[in-house]
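Chemist: Sharing a structure below in structure tokens format, with a few things to ask.
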Amino acid sequence: GNIIMIPRAAVLFSLFLPQGGTCFTALRSLSKIRSSHRRALEVAFPAAAIPGGAGPVTTVATSIFPVLHRIEGIDWEGECRYIDAELRPALILTGGVRYDIDPVDSTCTLSSFLTFPDGRTRRAVLAGRRWRAGSSMRLHPQVEEGEERGGIYLVLTELPPDTVLLNEVEGATGRVVLTSSLSLVDGGRELVQVSHEVG
């Protein structure tokens, strides 16, 4: 896709539905974040093989998470391209993202990783709860015991049928520092996320 009219540095993240095996590695924190009955939910409400397909989903999940229920439970992996202020490619990295939702508790967990050219990998887990259908929700960083939580959180808003808006907010000031749009394309086989700095 083309990136236009973005005044500052931007990121284009293209993620694909995995074909066969995947090397996505869940964070250790996930075992603490997910509710104890998550496995029971997965058995009772299996997701479709392809988001938006004919597989069974719950009415609750569809109403509370109208877009996320189409992409949840999948290890999306792909390429992350950084674009500088002149819209020139500056850096290409690999990474992945996964959304897990719990329709009973109305919670969402976002886990992601980004691998740099020198082999270092940055991982993050954020989680939050949607209190009512149609509302935005906050996702806060989840960390291991003894680690700093940090002062950034995400505000996630779903725009049915296929778009998610993400605003990265500085907790101390309430200032939006990064804004992103996540779109489900190609019949549900690809996620395209475009992000750019604010201010």
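Chain lettering (A, B, ...) mirrors the order of the structure tokens, residue numbering begins at 1 for each chain separately, and ligand numbering begins at 1 in order of display.
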List as a ChimeraX atom specification the protein and nucleic acid residues near region 162-165 of chain A, meaning an atom at most 12 Å away when only C-alpha atoms are counted, but skip any in the same chain fewer than 2 places from it.
Modeler: /A:51-52,65-71,99,136-138,154-160,167-168,178-195
Chemist: Write the residues of the selection above to a file with C-alpha atoms, as a short mmCIF file (atom, residue, chain, number, x, y, z; two decimals), in the first residue's frame.
Modeler:
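Produced file selection_8.cif, reproduced below:
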data_model
loop_
_atom_site.label_atom_id
_atom_site.label_comp_id
_atom_site.auth_asym_id
_atom_site.auth_seq_id
_atom_site.Cartn_x
_atom_site.Cartn_y
_atom_site.Cartn_z
CA PRO A 51 -10.93 -14.57 10.08
CA GLY A 52 -14.42 -13.70 8.96
CA PHE A 65 -15.31 -7.22 19.83
CA PRO A 66 -16.78 -6.73 16.32
CA VAL A 67 -13.38 -6.62 14.57
CA LEU A 68 -11.01 -8.31 17.01
CA HIS A 69 -13.04 -11.52 17.02
CA ARG A 70 -12.07 -11.91 13.33
CA ILE A 71 -8.31 -11.81 13.98
CA TYR A 99 -4.75 -10.67 19.87
CA SER A 136 -12.96 2.29 23.28
CA MET A 137 -10.75 0.40 25.69
CA ARG A 138 -7.38 0.94 27.36
CA LEU A 154 -2.95 2.15 24.27
CA VAL A 155 -6.49 3.28 23.48
CA LEU A 156 -8.07 0.74 21.12
CA THR A 157 -11.19 1.53 19.08
CA GLU A 158 -12.87 -0.87 16.63
CA LEU A 159 -14.50 0.36 13.42
CA PRO A 160 -16.50 -2.57 11.98
CA ASN A 167 -3.51 5.51 19.95
CA GLU A 168 -0.39 5.29 22.08
CA LEU A 178 1.72 7.53 18.14
CA THR A 179 -1.44 6.82 16.16
CA SER A 180 -2.08 3.67 14.11
CA SER A 181 -4.74 2.09 11.93
CA LEU A 182 -4.95 -1.69 11.57
CA SER A 183 -6.93 -3.06 8.60
CA LEU A 184 -7.93 -6.59 7.68
CA VAL A 185 -7.48 -7.02 3.91
CA ASP A 186 -7.25 -9.67 1.18
CA GLY A 187 -10.26 -11.62 2.36
CA GLY A 188 -8.99 -11.79 5.93
CA ARG A 189 -5.55 -13.15 5.04
CA GLU A 190 -3.50 -10.03 5.75
CA LEU A 191 -3.30 -7.30 8.37
CA VAL A 192 -1.87 -3.94 7.35
CA GLN A 193 -0.95 -1.48 10.10
CA VAL A 194 0.15 2.08 9.35
CA SER A 195 1.52 4.16 12.22
#
Chemist: Which is closest to Leu93 (chain A) among A:Leu139, A:Ile74, A:Val60, A:Cys80, if we use only C-alpha atoms?
Modeler: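 Closest to Leu93 (chain A), using only C-alpha atoms: A:Cys80.
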Chemist: Compile the contact shell of Thr107 (chain A) as a list in words: residues with an atom at most 6 Å away, counting only C-alpha atoms, same-chain residues fewer than 5 positions apart removed.
Modeler: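 After dropping sequence-adjacent residues, the list is Ile101, Asp102, Gly128 and Arg129 of chain A.
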